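Peer 1: Structure provided below as structure tokens; questions to follow.
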Amino acid sequence: MSFGAIDAWWWPYLFILVAGWLATDSWRFLGVYLGGQLSDDADILVLVRCIATALVAAVIANLIVSPSGALADVPAILRVGAAAAGFVTYLLSGHRILVGILVGEALLLLGIFFAA
Amino acid sequence: MLQNDPSQNPAEPIPGPDDTHLRWLLRGIGAAFSIPALILMSSFIGFAALAVESGLSMAHAVFMTAVVWALPAKVVLVGAIAAGNGIAAATFAVALSSIRLGPMVVALVPEIRGPRTRRWVLYMLAHFVAVTSWVLAMQEVRSIPRDFRTAWYGGLGASLILLNMMVVAAVYMVADVLPPSVSAALFFLTPLYFLTSLWGSARERAGHVAMVLGLLLGPVMAMVTPDFALLATGLVGGFAAYGFHRYSRRKKGVNP
């Protein structure tokens with residue numbers, strides 16, 4: 001039963017509701033249920049925060065290492081190098097997010113233009 | 001101890017006479033017009049470009065933005081649709097890519113919940129949880145009086161979703177005019193922003209350890225076990241960082 005399997009206006013919406021909404025909000029609702037049992041200084045929350053942080057970091061790394069769309073055509077070494085340089089700049093500039101982002105973006109664009 | 005006296009704890013600002021739910025709701029809406037939110041919008045330009053390429057209609061892409069919201073989940077869903085996957089396989093893939101939303105909500109709920117917060121409010125607010133609003137909330141929420149945190153987060157989350165539904169619709173109207181280098185730079189904004197802001201949102205040293213482990217393990221696990229990469233990374237990196245937390249605390253002689 002693929003996205004184009006049923007030729008009716010409502011089928012794509014049902015597909016998005018099941019494969020999109022249900023598949024994401026189930027986790028969010030489960031999180032509310034479980035999070036309601038804990039106070040915000042519970043030691044277990046350090047563990048939960050660590051797991052959530054590692055998961056988000058993995059999403060970030062995969063967006064850089066194996067991206068989709070136009071970024072996939074940029075060499076991997078350039079993507080990883082520009083991201084690492086941006087992050088190091090952020091750390092050295094006293095945690096200025098904007099400075100880190102600008103350096104990373106500038107290196108990526110320079111690399112694209114010089115490689116072309 | 002200072003921590004036991006809320007009036008002495010900088011993490012719990014005392015509400016003043018000016019603090020109303022409406023004021024904090026408006027402030028939350030204001031937080032949706034910030035640099036992180038601008039960066040998120042540029043990521044949504046990238047997502048909308050992907051949806052156009054994959055043959056999704058504007059209505060489907062805008063609907064998906066409203067009901068799914070989390071960007072990685074939407075990218076997976078569009079990929080599954082483009083590959084002609086069945087509804088069961090697509091659901092499974094999206095659910096796997098979204099497990100992180102569970103622990104993210106678990107971590108957020110005790111931060112934004114007040115003593116009188118109703119359950120349904122939390123279930124409604126949970127829908128707004130995705131990386132950007134979560135990182136913003138974990139950074140900002142401790143400077144907001146506890147009774148007004150749900151109002152603030154509701155204003156932030158609802159406006160972020162509405163703004164980005166408009167962004168997606170706008171991209172459909174101007175599609176095919178962006179040069180590839182501009183698209184690449186827009187796609188790149190999301191990981192750069194997450195990389196820097198996630199570091200700043202860490203509550204304790206263990207958060208930094210978890211982040212570094214996640215960055216290194218993520219791509220490795222994606223090669224080893226593509227279907228369970230995020231879950232495996234979260235569990236291995238999370239437990240290792242928690243082990244570091246326990247170990248360094250014991251070394252300092254601070255017992256729980």
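Residues in the structure tokens are numbered from 1 in each chain, the chains being A, B, ... in the order shown, and ligands are numbered from 1 in the order shown.
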Quick one: DSSP alpha helix (DSSP H) residues in stretch 118-167 of chain B, as a count of residues only?
Peer 2: 37
Peer 1: Just need the residues of chain A within 7 Å of chain B, counting only C-alpha atoms, so spit them out as a PyMOL selection string.
Peer 2: chain A and resi 1-3+13+15-16+18-21+23-25+27-32+34-36+38-40+45-55+57-58+60-65+69-71+83+87+90+97+101+105+109
Peer 1: Between atom CA of B:Asp19 and atom CA of B:Ile144, measure the distance and give it in Å to one decimal.
Peer 2: 9.8 Å
Peer 1: When you draw a straight line from atom CA of B:Pro145 to atom CA of B:Pro13, how long is it in Å?
Peer 2: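 Separating atom CA of B:Pro145 from atom CA of B:Pro13 is a distance of 5.0 Å.
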Peer 1: What separation in Å, quoted to one decimal, exists between atom CA of A:Gly81 and atom CA of B:Phe228?
Peer 2: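 Separating atom CA of A:Gly81 from atom CA of B:Phe228 is a distance of 26.7 Å.
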